[in-house]
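File shown here: structure.cif, holding mmCIF, C-alpha atoms.
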data_model
#
loop_
_atom_site.label_atom_id
_atom_site.label_comp_id
_atom_site.auth_asym_id
_atom_site.auth_seq_id
_atom_site.Cartn_x
_atom_site.Cartn_y
_atom_site.Cartn_z
CA MET A 1 -8.19 -6.48 4.60
CA ASN A 2 -6.95 -3.03 3.60
CA ILE A 3 -3.22 -3.28 2.92
CA PRO A 4 -1.32 -0.14 1.79
CA LEU A 5 1.75 -0.22 -0.42
CA THR A 6 3.83 1.00 2.49
CA ARG A 7 3.30 2.29 6.01
CA VAL A 8 5.55 4.75 7.81
CA GLU A 9 6.42 3.46 11.26
CA LEU A 10 6.58 6.25 13.86
CA LEU A 11 7.19 5.33 17.50
CA ASP A 12 6.64 7.25 20.72
CA ASP A 13 10.36 8.09 20.80
CA ASP A 14 10.03 9.73 17.38
CA ARG A 15 7.17 11.88 18.61
CA CYS A 16 9.15 12.86 21.71
CA ARG A 17 12.08 13.98 19.55
CA LEU A 18 9.73 16.04 17.40
CA ASN A 19 8.23 17.68 20.47
CA GLU A 20 11.71 18.47 21.80
CA VAL A 21 12.54 20.32 18.59
CA ILE A 22 9.26 22.22 18.63
CA ASP A 23 9.71 23.15 22.31
CA SER A 24 13.28 24.32 21.64
CA GLY A 25 12.08 26.98 19.22
CA TRP A 26 14.88 26.12 16.77
CA LEU A 27 13.21 24.48 13.79
CA MET A 28 15.64 25.07 10.92
CA GLN A 29 18.96 23.35 10.27
CA GLY A 30 20.81 23.02 13.56
CA ALA A 31 22.10 20.59 16.17
CA ARG A 32 19.70 17.77 15.25
CA VAL A 33 20.83 17.85 11.62
CA GLU A 34 24.44 17.50 12.78
CA LEU A 35 23.52 14.55 15.02
CA PHE A 36 21.66 12.87 12.18
CA GLU A 37 24.56 13.40 9.78
CA LYS A 38 27.01 11.84 12.24
CA ALA A 39 24.71 8.87 12.89
CA VAL A 40 24.37 8.10 9.17
CA ALA A 41 28.10 8.58 8.56
CA ASP A 42 28.95 6.24 11.43
CA TYR A 43 26.45 3.63 10.22
CA CYS A 44 27.87 3.66 6.69
CA GLY A 45 31.51 3.93 7.72
CA VAL A 46 32.11 7.12 5.73
CA ALA A 47 33.96 10.27 6.75
CA HIS A 48 31.36 12.92 5.85
CA ALA A 49 27.58 13.11 5.56
CA VAL A 50 25.79 16.26 4.39
CA ALA A 51 22.02 16.44 4.91
CA THR A 52 19.91 18.04 2.18
CA SER A 53 16.29 18.85 1.47
CA SER A 54 15.77 15.77 -0.74
CA GLY A 55 17.55 12.94 -2.48
CA THR A 56 17.23 14.87 -5.71
CA THR A 57 19.03 17.92 -4.32
CA ALA A 58 21.76 15.66 -2.93
CA LEU A 59 22.25 14.20 -6.42
CA HIS A 60 22.28 17.65 -8.00
CA LEU A 61 25.02 18.78 -5.62
CA ALA A 62 26.93 15.55 -6.29
CA LEU A 63 27.07 16.19 -10.04
CA LEU A 64 28.04 19.81 -9.51
CA LEU A 65 30.84 18.74 -7.16
CA ALA A 66 31.99 16.23 -9.78
CA GLY A 67 32.37 19.10 -12.26
CA ILE A 68 29.57 18.04 -14.60
CA GLN A 69 28.78 20.88 -17.00
CA PRO A 70 27.08 21.66 -20.34
CA GLY A 71 28.26 19.37 -23.13
CA ASP A 72 29.02 16.46 -20.80
CA GLU A 73 27.18 13.15 -20.86
CA VAL A 74 26.12 11.22 -17.77
CA VAL A 75 25.14 7.55 -18.12
CA VAL A 76 22.01 6.68 -16.12
CA PRO A 77 19.53 3.80 -16.26
CA SER A 78 16.21 4.67 -17.83
CA PHE A 79 14.59 2.24 -15.37
CA SER A 80 14.79 4.69 -12.48
CA TRP A 81 12.81 7.53 -10.97
CA ILE A 82 13.18 10.42 -13.36
CA ALA A 83 15.25 12.46 -10.89
CA SER A 84 18.26 10.32 -11.84
CA ALA A 85 18.12 11.81 -15.34
CA ASN A 86 16.91 15.26 -14.32
CA VAL A 87 19.92 16.06 -12.15
CA ALA A 88 22.18 15.69 -15.17
CA ALA A 89 19.92 18.08 -17.09
CA TYR A 90 20.05 20.55 -14.17
CA CYS A 91 23.80 20.80 -14.82
CA GLY A 92 23.27 21.37 -18.53
CA ALA A 93 24.58 17.87 -19.28
CA GLN A 94 22.84 15.19 -21.27
CA PRO A 95 21.60 12.03 -19.57
CA VAL A 96 22.42 9.00 -21.72
CA PHE A 97 20.16 6.09 -20.91
CA CYS A 98 21.40 2.53 -20.46
CA ASP A 99 19.52 -0.73 -20.10
CA VAL A 100 19.24 -2.93 -17.01
CA ALA A 101 19.37 -6.64 -16.20
CA PRO A 102 15.97 -8.35 -16.04
CA GLU A 103 16.87 -10.32 -12.90
CA THR A 104 18.06 -7.49 -10.62
CA TYR A 105 16.46 -4.47 -12.38
CA ASN A 106 19.91 -2.84 -12.20
CA MET A 107 22.38 -1.48 -14.74
CA THR A 108 25.48 -3.61 -15.39
CA ALA A 109 29.00 -2.95 -16.61
CA GLY A 110 27.87 -4.26 -19.99
CA THR A 111 24.85 -2.00 -20.32
CA VAL A 112 26.92 0.98 -19.16
CA ALA A 113 29.68 0.24 -21.66
CA ALA A 114 27.13 0.26 -24.48
CA ALA A 115 26.12 3.82 -23.55
CA LEU A 116 29.59 5.37 -23.29
CA SER A 117 30.94 7.94 -25.70
CA ALA A 118 33.80 10.42 -25.92
CA LYS A 119 31.57 12.93 -24.11
CA THR A 120 30.84 10.71 -21.10
CA LYS A 121 32.10 12.23 -17.87
CA ALA A 122 30.21 10.32 -15.17
CA ILE A 123 28.25 7.18 -14.41
CA LEU A 124 25.29 7.57 -12.07
CA VAL A 125 24.88 4.12 -10.51
CA VAL A 126 21.35 3.40 -9.28
CA HIS A 127 20.62 0.69 -6.70
CA GLN A 128 17.06 0.05 -7.83
CA PHE A 129 14.51 -0.77 -5.12
CA GLY A 130 17.47 -1.05 -2.72
CA MET A 131 19.13 -3.93 -4.63
CA PRO A 132 22.88 -3.23 -4.72
CA CYS A 133 24.28 -2.79 -8.21
CA GLU A 134 27.44 -4.58 -9.41
CA LEU A 135 29.65 -1.78 -8.11
CA GLU A 136 33.08 -3.32 -8.55
CA SER A 137 32.77 -4.08 -12.25
CA ILE A 138 31.24 -0.68 -13.00
CA ALA A 139 33.92 1.08 -10.93
CA THR A 140 36.62 -0.84 -12.82
CA LEU A 141 35.09 0.22 -16.13
CA ALA A 142 34.95 3.84 -14.94
CA ARG A 143 38.55 3.79 -13.75
CA ASP A 144 39.76 2.39 -17.07
CA ARG A 145 37.91 5.16 -18.94
CA GLY A 146 38.76 7.99 -16.52
CA LEU A 147 35.12 8.50 -15.49
CA VAL A 148 33.54 9.62 -12.22
CA VAL A 149 31.19 7.25 -10.37
CA ILE A 150 28.37 8.63 -8.23
CA GLU A 151 25.86 6.35 -6.50
CA ASP A 152 22.16 7.13 -6.59
CA ALA A 153 21.42 5.09 -3.48
CA ALA A 154 18.07 6.81 -2.95
CA CYS A 155 16.44 3.49 -2.04
CA ALA A 156 19.45 1.65 -0.62
CA ILE A 157 20.25 2.76 2.92
CA GLY A 158 20.68 -0.40 4.96
CA SER A 159 21.61 -2.54 1.95
CA VAL A 160 24.95 -4.36 1.88
CA TYR A 161 27.40 -5.03 -0.95
CA ARG A 162 30.20 -7.55 -0.38
CA GLY A 163 29.87 -7.32 3.38
CA GLU A 164 29.95 -3.52 3.56
CA PRO A 165 27.08 -1.02 3.80
CA ILE A 166 25.99 0.92 0.76
CA GLY A 167 27.15 4.46 1.48
CA ASN A 168 30.80 3.83 2.36
CA CYS A 169 32.06 5.32 -0.93
CA ARG A 170 34.51 2.49 -1.59
CA TYR A 171 33.59 2.44 -5.28
CA SER A 172 32.48 6.04 -5.85
CA ILE A 173 33.33 9.59 -4.89
CA ILE A 174 29.82 10.36 -3.58
CA VAL A 175 26.77 8.36 -2.48
CA CYS A 176 23.32 9.95 -2.18
CA PHE A 177 20.35 8.78 -0.10
CA SER A 178 16.69 9.81 -0.18
CA PHE A 179 14.46 9.95 2.90
CA HIS A 180 11.12 10.22 1.10
CA PRO A 181 8.19 8.52 2.92
CA ARG A 182 8.41 5.45 0.64
CA LYS A 183 12.02 4.87 1.64
CA VAL A 184 13.27 2.54 4.38
CA LEU A 185 14.27 5.54 6.49
CA THR A 186 12.17 8.67 6.17
CA THR A 187 12.29 12.27 7.33
CA GLY A 188 9.15 13.18 5.37
CA GLU A 189 11.29 14.75 2.67
CA GLY A 190 15.04 14.90 2.81
CA GLY A 191 18.26 13.43 1.52
CA MET A 192 21.94 13.08 2.25
CA LEU A 193 25.25 13.25 0.39
CA LEU A 194 28.10 11.05 1.67
CA THR A 195 31.77 11.25 0.77
CA ASN A 196 35.24 10.51 2.12
CA ASN A 197 36.60 13.68 0.52
CA HIS A 198 36.83 16.57 2.99
CA GLU A 199 36.97 19.24 0.28
CA LEU A 200 33.85 17.91 -1.47
CA ALA A 201 31.97 17.74 1.83
CA SER A 202 32.92 21.31 2.76
CA ARG A 203 31.79 22.65 -0.57
CA ALA A 204 28.55 20.64 -0.39
CA ARG A 205 27.78 22.22 2.99
CA ALA A 206 28.32 25.65 1.46
CA LEU A 207 26.31 25.00 -1.71
CA ARG A 208 23.29 23.71 0.23
CA ASN A 209 23.23 27.04 2.12
CA HIS A 210 23.32 29.57 -0.74
CA GLY A 211 27.08 29.10 -1.24
CA MET A 212 27.91 30.55 2.17
CA ASN A 213 31.53 29.92 3.13
CA GLY A 214 32.29 31.38 6.54
CA ALA A 215 31.23 35.03 6.48
CA GLN A 216 31.05 35.29 2.70
CA PHE A 217 29.33 33.68 -0.27
CA SER A 218 32.05 31.97 -2.30
CA TRP A 219 29.74 30.31 -4.82
CA ILE A 220 26.27 30.75 -6.22
CA GLY A 221 24.49 28.18 -4.08
CA TYR A 222 21.05 26.87 -3.28
CA ASN A 223 18.59 26.52 -0.44
CA TYR A 224 18.94 22.75 -0.06
CA ARG A 225 18.92 22.60 3.74
CA MET A 226 17.27 19.98 5.93
CA THR A 227 15.37 21.15 9.03
CA ASP A 228 15.89 19.98 12.60
CA ILE A 229 12.28 18.75 12.54
CA GLN A 230 13.13 16.36 9.71
CA ALA A 231 16.41 15.30 11.31
CA ALA A 232 14.62 14.50 14.58
CA LEU A 233 12.65 11.83 12.72
CA GLY A 234 15.78 10.43 11.13
CA ILE A 235 17.81 10.13 14.35
CA GLY A 236 15.53 7.50 15.81
CA GLN A 237 15.15 5.60 12.57
CA ILE A 238 18.85 5.28 11.84
CA ALA A 239 19.30 3.81 15.32
CA ARG A 240 16.81 1.02 14.59
CA LEU A 241 17.70 0.60 10.90
CA PRO A 242 19.28 -2.90 11.27
CA THR A 243 16.09 -4.19 12.88
CA THR A 244 13.93 -2.43 10.28
CA VAL A 245 15.88 -3.99 7.40
CA GLN A 246 15.70 -7.46 8.94
CA ARG A 247 11.94 -7.16 9.33
CA ARG A 248 11.63 -6.10 5.71
CA ARG A 249 13.76 -9.03 4.60
CA ASN A 250 11.54 -11.38 6.61
CA VAL A 251 8.47 -10.10 4.75
CA ALA A 252 10.25 -10.52 1.42
CA ARG A 253 11.28 -14.05 2.37
CA HIS A 254 7.65 -14.90 3.09
CA TYR A 255 6.62 -13.51 -0.31
CA ARG A 256 9.27 -15.63 -2.00
CA THR A 257 8.07 -18.78 -0.28
CA LEU A 258 4.45 -18.20 -1.28
CA LEU A 259 5.12 -17.09 -4.86
CA ALA A 260 8.12 -19.23 -5.79
CA LEU A 261 6.18 -22.02 -7.52
CA HIS A 262 4.05 -19.75 -9.68
CA THR A 263 5.82 -19.90 -13.04
CA SER A 264 4.19 -16.74 -14.38
CA ILE A 265 5.54 -14.61 -11.51
CA GLY A 266 9.16 -13.54 -11.81
CA LEU A 267 10.86 -12.66 -8.51
CA PRO A 268 13.82 -10.29 -8.11
CA VAL A 269 17.18 -12.06 -7.92
CA GLU A 270 19.43 -11.08 -5.03
CA PRO A 271 23.10 -11.64 -6.00
CA ALA A 272 25.09 -13.83 -3.62
CA ASP A 273 27.36 -10.94 -2.61
CA CYS A 274 24.48 -8.60 -1.73
CA GLN A 275 21.83 -8.06 0.90
CA THR A 276 19.03 -5.75 -0.13
CA ASN A 277 16.83 -3.76 2.23
CA TYR A 278 13.80 -4.55 0.04
CA GLN A 279 12.72 -0.93 -0.19
CA SER A 280 10.14 -2.23 -2.66
CA PHE A 281 9.18 -5.71 -3.78
CA MET A 282 8.59 -5.68 -7.53
CA VAL A 283 7.60 -8.88 -9.30
CA ARG A 284 7.32 -9.55 -13.04
CA LEU A 285 4.20 -10.88 -14.71
CA LYS A 286 5.66 -13.21 -17.33
CA ASP A 287 4.26 -15.52 -20.04
CA ASN A 288 2.10 -12.79 -21.62
CA VAL A 289 0.45 -12.10 -18.26
CA GLY A 290 2.09 -8.66 -18.30
CA SER A 291 -0.43 -7.50 -20.90
CA ARG A 292 -3.07 -7.86 -18.16
CA ARG A 293 -0.96 -6.17 -15.47
CA ASP A 294 -3.25 -3.16 -15.01
CA GLN A 295 -6.39 -5.30 -14.80
CA ILE A 296 -4.72 -7.53 -12.23
CA ALA A 297 -3.69 -4.46 -10.25
CA GLN A 298 -7.26 -3.18 -10.32
CA SER A 299 -8.54 -6.54 -9.09
CA LEU A 300 -6.09 -6.40 -6.20
CA ASN A 301 -7.14 -2.85 -5.43
CA ASN A 302 -10.78 -3.99 -5.32
CA ALA A 303 -9.70 -6.58 -2.75
CA GLY A 304 -8.05 -3.92 -0.60
CA VAL A 305 -4.47 -4.52 -1.75
CA ALA A 306 -2.56 -1.48 -2.97
CA THR A 307 -0.07 -1.98 -5.81
CA ARG A 308 1.86 0.15 -8.25
CA PRO A 309 3.39 -0.42 -11.70
CA GLY A 310 7.15 -0.74 -11.56
CA ILE A 311 8.83 2.33 -13.06
CA ALA A 312 7.99 4.46 -16.06
CA PRO A 313 11.15 4.48 -18.25
CA SER A 314 12.70 7.92 -18.40
CA HIS A 315 13.70 7.64 -22.06
CA LEU A 316 10.04 7.32 -23.05
CA GLN A 317 8.84 10.36 -21.09
CA PRO A 318 7.86 13.41 -23.19
CA CYS A 319 10.50 15.61 -21.58
CA TYR A 320 13.23 13.33 -22.97
CA SER A 321 11.68 11.43 -25.86
CA VAL A 322 11.18 14.64 -27.86
CA THR A 323 14.69 15.97 -27.25
CA HIS A 324 16.79 12.81 -27.21
CA LYS A 325 17.31 10.01 -29.67
CA GLN A 326 15.47 7.07 -28.16
CA PRO A 327 17.91 4.25 -27.37
CA GLN A 328 17.12 0.56 -27.72
CA LEU A 329 16.50 -0.61 -24.15
CA PRO A 330 14.55 -3.86 -24.48
CA CYS A 331 14.84 -5.09 -20.89
CA THR A 332 13.80 -1.71 -19.51
CA GLU A 333 10.69 -1.62 -21.67
CA VAL A 334 9.74 -5.20 -20.79
CA LEU A 335 10.13 -4.50 -17.07
CA ALA A 336 7.98 -1.39 -17.43
CA GLN A 337 5.20 -3.51 -18.92
CA GLU A 338 5.52 -6.52 -16.61
CA GLY A 339 6.48 -4.95 -13.28
CA LEU A 340 4.10 -4.83 -10.33
CA VAL A 341 5.10 -3.58 -6.87
CA LEU A 342 3.44 -5.42 -3.99
CA PRO A 343 2.93 -4.06 -0.45
CA LEU A 344 5.91 -4.36 1.88
CA PHE A 345 6.55 -2.62 5.21
CA PRO A 346 8.22 -3.70 8.48
CA SER A 347 5.00 -4.22 10.46
CA MET A 348 3.40 -6.34 7.73
CA THR A 349 2.12 -9.59 9.25
CA PRO A 350 2.34 -13.11 7.81
CA GLU A 351 -1.44 -13.06 7.53
CA GLN A 352 -1.30 -9.91 5.41
CA VAL A 353 1.38 -11.39 3.13
CA GLN A 354 -0.71 -14.53 2.75
CA TYR A 355 -3.78 -12.45 1.88
CA VAL A 356 -1.86 -10.45 -0.75
CA CYS A 357 -0.53 -13.63 -2.36
CA ASP A 358 -3.91 -15.34 -2.33
CA GLN A 359 -5.60 -12.35 -3.92
CA PHE A 360 -2.74 -11.97 -6.40
CA LYS A 361 -2.96 -15.56 -7.61
CA GLN A 362 -6.74 -15.34 -7.78
CA ALA A 363 -6.59 -12.14 -9.83
CA MET A 364 -4.18 -13.74 -12.30
CA GLU A 365 -6.60 -16.59 -12.83
CA ILE A 366 -9.79 -14.58 -13.32
CA VAL A 367 -8.60 -11.48 -15.18
#
Let me see the file written as structure tokens.
Amino acid sequence: MNIPLTRVELLDDDRCRLNEVIDSGWLMQGARVELFEKAVADYCGVAHAVATSSGTTALHLALLLAGIQPGDEVVVPSFSWIASANVAAYCGAQPVFCDVAPETYNMTAGTVAAALSAKTKAILVVHQFGMPCELESIATLARDRGLVVIEDAACAIGSVYRGEPIGNCRYSIIVCFSFHPRKVLTTGEGGMLLTNNHELASRARALRNHGMNGAQFSWIGYNYRMTDIQAALGIGQIARLPTTVQRRRNVARHYRTLLALHTSIGLPVEPADCQTNYQSFMVRLKDNVGSRRDQIAQSLNNAGVATRPGIAPSHLQPCYSVTHKQPQLPCTEVLAQEGLVLPLFPSMTPEQVQYVCDQFKQAMEIV
């Protein structure tokens, strides 16, 4: 078999919507973007959704709207795509890295508290691989300290926390999604900023379009617009998102059944009050097997199974390690060494999951 890490699912309806946009002659931000924004807002139960050119640009706007500026500190997990740290740097602020829990791969109220200082202004909560973070406890900590909470939900559209969809802004002022091709919902590239605050939404719409406010430019803004071509892809996918998430969860359930008894394979723990969309399925290679992670990955690749290491910790990257004091983040560094992402996509068959697991176990035995 040849099994990719992920596979974008495009249906005939998606292609028809793309053709409609092309035939209309209006390719830039327009009516389709507005329809997509409304569909996502309705799905998440939030008042406002503002489409952007990427998840990163949505996060950048979110920190700007929160008033983050030079001299401020923003707490972020190091175990995250580096954009989570970079957006703080874009604002002239300093990202301060916190550790994560080994079971969920997410930051906790405890790891956040250890990273706070008098300069902390915001907490950027990341729902890693779509697994909802412990929002209530972190939001309580932030409220007690007078801090802003913003959710980096790049991977988490379709996930549920305490019976409500990630994106409803119950615990934060802004939630940001990414629609990169590896995400559960994709527009090729693209992102979205969600909020219940009308003023923040209005300013976000201006800032994404060069700061244009009516007939004038009220702020120095950016070109962070989404196109109607991208939105056309998203409209169909948000409509079938519940089905997509359920199919992904079925694949993950099959993985869990086949891998559960292998003591050297650590599986992600889904808290009882959460439902993850399983944007990615990362396992841990425990019992000193992690030292052979790359060889095992190569063996899987030779068998036609694509994999990827978990996440490269941001605090160890040259752009931050040479300018920041390196914190002690033991769980993050262990996960970086032991993590292996296995293929998962909605159309993945039970036979493909079985093949991946068989090859995985075999590789662990022979490498």
Computed gap from CA of Tyr355 in chain A to CA of Gly290 in chain A is 21.4 Å
Min atom-atom distance to Ala39 in chain A from the set A:Leu267, A:Ile311, A:Ile68, A:Ala51, counting only C-alpha atoms, belongs to A:Ala51
List as an mmCIF file with C-alpha atoms, keeping the file's coordinate frame the protein and nucleic acid residues near Ala118 in chain A, meaning an atom at most 10 Å away when all atoms listed in the file are counted, but skip any in the same chain fewer than 3 places from it.
data_model
loop_
_atom_site.group_PDB
_atom_site.id
_atom_site.type_symbol
_atom_site.label_atom_id
_atom_site.label_comp_id
_atom_site.auth_asym_id
_atom_site.auth_seq_id
_atom_site.Cartn_x
_atom_site.Cartn_y
_atom_site.Cartn_z
ATOM 1 C CA ASP A 72 29.020 16.460 -20.800
ATOM 2 C CA GLU A 73 27.180 13.150 -20.860
ATOM 3 C CA LYS A 121 32.100 12.230 -17.870
ATOM 4 C CA ARG A 145 37.910 5.160 -18.940
#
**Message:** Can you translate the PyMOL selection byres ((chain A and resi 293-309) around 7) into the concrete residues it hits in this file, as a list of chain:residue names?
**Reply:**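 Applying the expression gives A:Met1, A:Asn2, A:Ile3, A:Pro4, A:Leu5, A:Val289, A:Gly290, A:Ser291, A:Arg292, A:Gly310, A:Ile311, A:Glu338, A:Gly339, A:Leu340, A:Val341, A:Leu342, A:Pro343, A:Val356, A:Gln359, A:Phe360, A:Ala363, A:Met364, A:Val367.
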Create the file for the chosen residues now, containing C-alpha atoms and written as a compact mmCIF listing (two decimals), keeping the file's coordinate frame.
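So again.txt came out as:
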# COMPACT_ATOMS: atom_id res chain seq x y z
CA MET A 1 -8.19 -6.48 4.60
CA ASN A 2 -6.95 -3.03 3.60
CA ILE A 3 -3.22 -3.28 2.92
CA PRO A 4 -1.32 -0.14 1.79
CA LEU A 5 1.75 -0.22 -0.42
CA VAL A 289 0.45 -12.10 -18.26
CA GLY A 290 2.09 -8.66 -18.30
CA SER A 291 -0.43 -7.50 -20.90
CA ARG A 292 -3.07 -7.86 -18.16
CA GLY A 310 7.15 -0.74 -11.56
CA ILE A 311 8.83 2.33 -13.06
CA GLU A 338 5.52 -6.52 -16.61
CA GLY A 339 6.48 -4.95 -13.28
CA LEU A 340 4.10 -4.83 -10.33
CA VAL A 341 5.10 -3.58 -6.87
CA LEU A 342 3.44 -5.42 -3.99
CA PRO A 343 2.93 -4.06 -0.45
CA VAL A 356 -1.86 -10.45 -0.75
CA GLN A 359 -5.60 -12.35 -3.92
CA PHE A 360 -2.74 -11.97 -6.40
CA ALA A 363 -6.59 -12.14 -9.83
CA MET A 364 -4.18 -13.74 -12.30
CA VAL A 367 -8.60 -11.48 -15.18
Name the residues captured by the PyMOL selection byres ((chain A and resi 172) around 12) when it is applied to the shown file; answer as a short mmCIF file (atom, residue, chain, number, x, y, z; two decimals) with C-alpha atoms, keeping the file's coordinate frame.
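Written output follows (result_27.cif):
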data_model
loop_
_atom_site.label_atom_id
_atom_site.label_comp_id
_atom_site.auth_asym_id
_atom_site.auth_seq_id
_atom_site.Cartn_x
_atom_site.Cartn_y
_atom_site.Cartn_z
CA VAL A 46 32.11 7.12 5.73
CA ALA A 62 26.93 15.55 -6.29
CA ALA A 66 31.99 16.23 -9.78
CA ALA A 122 30.21 10.32 -15.17
CA ILE A 123 28.25 7.18 -14.41
CA LEU A 124 25.29 7.57 -12.07
CA VAL A 125 24.88 4.12 -10.51
CA VAL A 126 21.35 3.40 -9.28
CA LEU A 135 29.65 -1.78 -8.11
CA GLU A 136 33.08 -3.32 -8.55
CA SER A 137 32.77 -4.08 -12.25
CA ILE A 138 31.24 -0.68 -13.00
CA ALA A 139 33.92 1.08 -10.93
CA THR A 140 36.62 -0.84 -12.82
CA ALA A 142 34.95 3.84 -14.94
CA ARG A 143 38.55 3.79 -13.75
CA LEU A 147 35.12 8.50 -15.49
CA VAL A 148 33.54 9.62 -12.22
CA VAL A 149 31.19 7.25 -10.37
CA ILE A 150 28.37 8.63 -8.23
CA GLU A 151 25.86 6.35 -6.50
CA ASP A 152 22.16 7.13 -6.59
CA ALA A 153 21.42 5.09 -3.48
CA ILE A 166 25.99 0.92 0.76
CA GLY A 167 27.15 4.46 1.48
CA ASN A 168 30.80 3.83 2.36
CA CYS A 169 32.06 5.32 -0.93
CA ARG A 170 34.51 2.49 -1.59
CA TYR A 171 33.59 2.44 -5.28
CA ILE A 173 33.33 9.59 -4.89
CA ILE A 174 29.82 10.36 -3.58
CA VAL A 175 26.77 8.36 -2.48
CA CYS A 176 23.32 9.95 -2.18
CA LEU A 193 25.25 13.25 0.39
CA LEU A 194 28.10 11.05 1.67
CA THR A 195 31.77 11.25 0.77
CA ASN A 196 35.24 10.51 2.12
CA ASN A 197 36.60 13.68 0.52
#
Selection result for the PyMOL selection byres ((chain A and resi 220) around 12) on this file, as a short mmCIF file (atom, residue, chain, number, x, y, z; two decimals) with C-alpha atoms, in the coordinates of the input:
data_model
loop_
_atom_site.label_atom_id
_atom_site.label_comp_id
_atom_site.auth_asym_id
_atom_site.auth_seq_id
_atom_site.Cartn_x
_atom_site.Cartn_y
_atom_site.Cartn_z
CA LEU A 64 28.04 19.81 -9.51
CA ARG A 203 31.79 22.65 -0.57
CA ALA A 204 28.55 20.64 -0.39
CA ALA A 206 28.32 25.65 1.46
CA LEU A 207 26.31 25.00 -1.71
CA ARG A 208 23.29 23.71 0.23
CA ASN A 209 23.23 27.04 2.12
CA HIS A 210 23.32 29.57 -0.74
CA GLY A 211 27.08 29.10 -1.24
CA MET A 212 27.91 30.55 2.17
CA ASN A 213 31.53 29.92 3.13
CA GLN A 216 31.05 35.29 2.70
CA PHE A 217 29.33 33.68 -0.27
CA SER A 218 32.05 31.97 -2.30
CA TRP A 219 29.74 30.31 -4.82
CA GLY A 221 24.49 28.18 -4.08
CA TYR A 222 21.05 26.87 -3.28
CA ASN A 223 18.59 26.52 -0.44
#
Each residue of range 80-177 of chain A with at least one atom at most 12 Å from range 183-191 of chain A should appear once, together with its nearest atom pair and the corresponding distance in Å (one decimal); atoms considered: all atoms listed in the file; ordering: chain, then increasing residue number; output as a tab-separated table.
residue	atom	partner	partner_atom	distance
A:Gln128	CA	A:Lys183	CA	11.8
A:Phe129	CA	A:Lys183	CA	9.1
A:Gly130	CA	A:Val184	CA	9.0
A:Asp152	CA	A:Gly191	CA	11.0
A:Ala153	CA	A:Gly191	CA	10.2
A:Ala154	CA	A:Lys183	CA	7.8
A:Cys155	CA	A:Lys183	CA	5.9
A:Ala156	CA	A:Val184	CA	8.0
A:Ile157	CA	A:Val184	CA	7.1
A:Gly158	CA	A:Val184	CA	8.0
A:Ser159	CA	A:Val184	CA	10.1
A:Val175	CA	A:Gly191	CA	10.7
A:Cys176	CA	A:Gly191	CA	7.2
A:Phe177	CA	A:Gly191	CA	5.3
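Distance-wise, CA of Asp23 in chain A and CA of Thr243 in chain A end up 29.6 Å apart.
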Within 12 Å of range 275-282 of chain A, which residues of range 5-102 of chain A show up? Give each one with its shortest atom-to-atom distance in Å (one decimal) and the two atoms involved, counting only C-alpha atoms, rows by chain then rising residue number, as a Markdown table.
| residue | atom | partner | partner_atom | distance |
| --- | --- | --- | --- | --- |
| A:Leu5 | CA | A:Ser280 | CA | 8.9 |
| A:Thr6 | CA | A:Ser280 | CA | 8.8 |
| A:Arg7 | CA | A:Gln279 | CA | 11.7 |
| A:Pro102 | CA | A:Met282 | CA | 11.6 |
request  = Please indicate the distance in Å from CA of Val334 in chain A to CA of Val76 in chain A, rounded to one decimal place.
outcome  =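 Spanning CA of Val334 in chain A to CA of Val76 in chain A is a straight-line distance of 17.7 Å.
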Edge lengths and centre in Å to one decimal, as JSON, of the axis-aligned box that encloses all listed atoms of range 139-143 of chain A with 5 Å added on every side?
{"center_x": 36.2, "center_y": 1.5, "center_z": -13.5, "size_x": 14.6, "size_y": 14.7, "size_z": 15.2}
Judged by all atoms listed in the file, the minimum distance to Asp14 in chain A among A:Ala114, A:Cys357, A:Ala88, A:Ile229 is found for A:Ile229
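Non-sequential neighbours of Cys319 in chain A (distance at most 12 Å, separation of 5 or more positions within a chain, only C-alpha atoms) are Ile82, Ala85, Asn86, Ala89, Pro95, Pro313, Ser314, His324, Lys325 and Gln326 of chain A.
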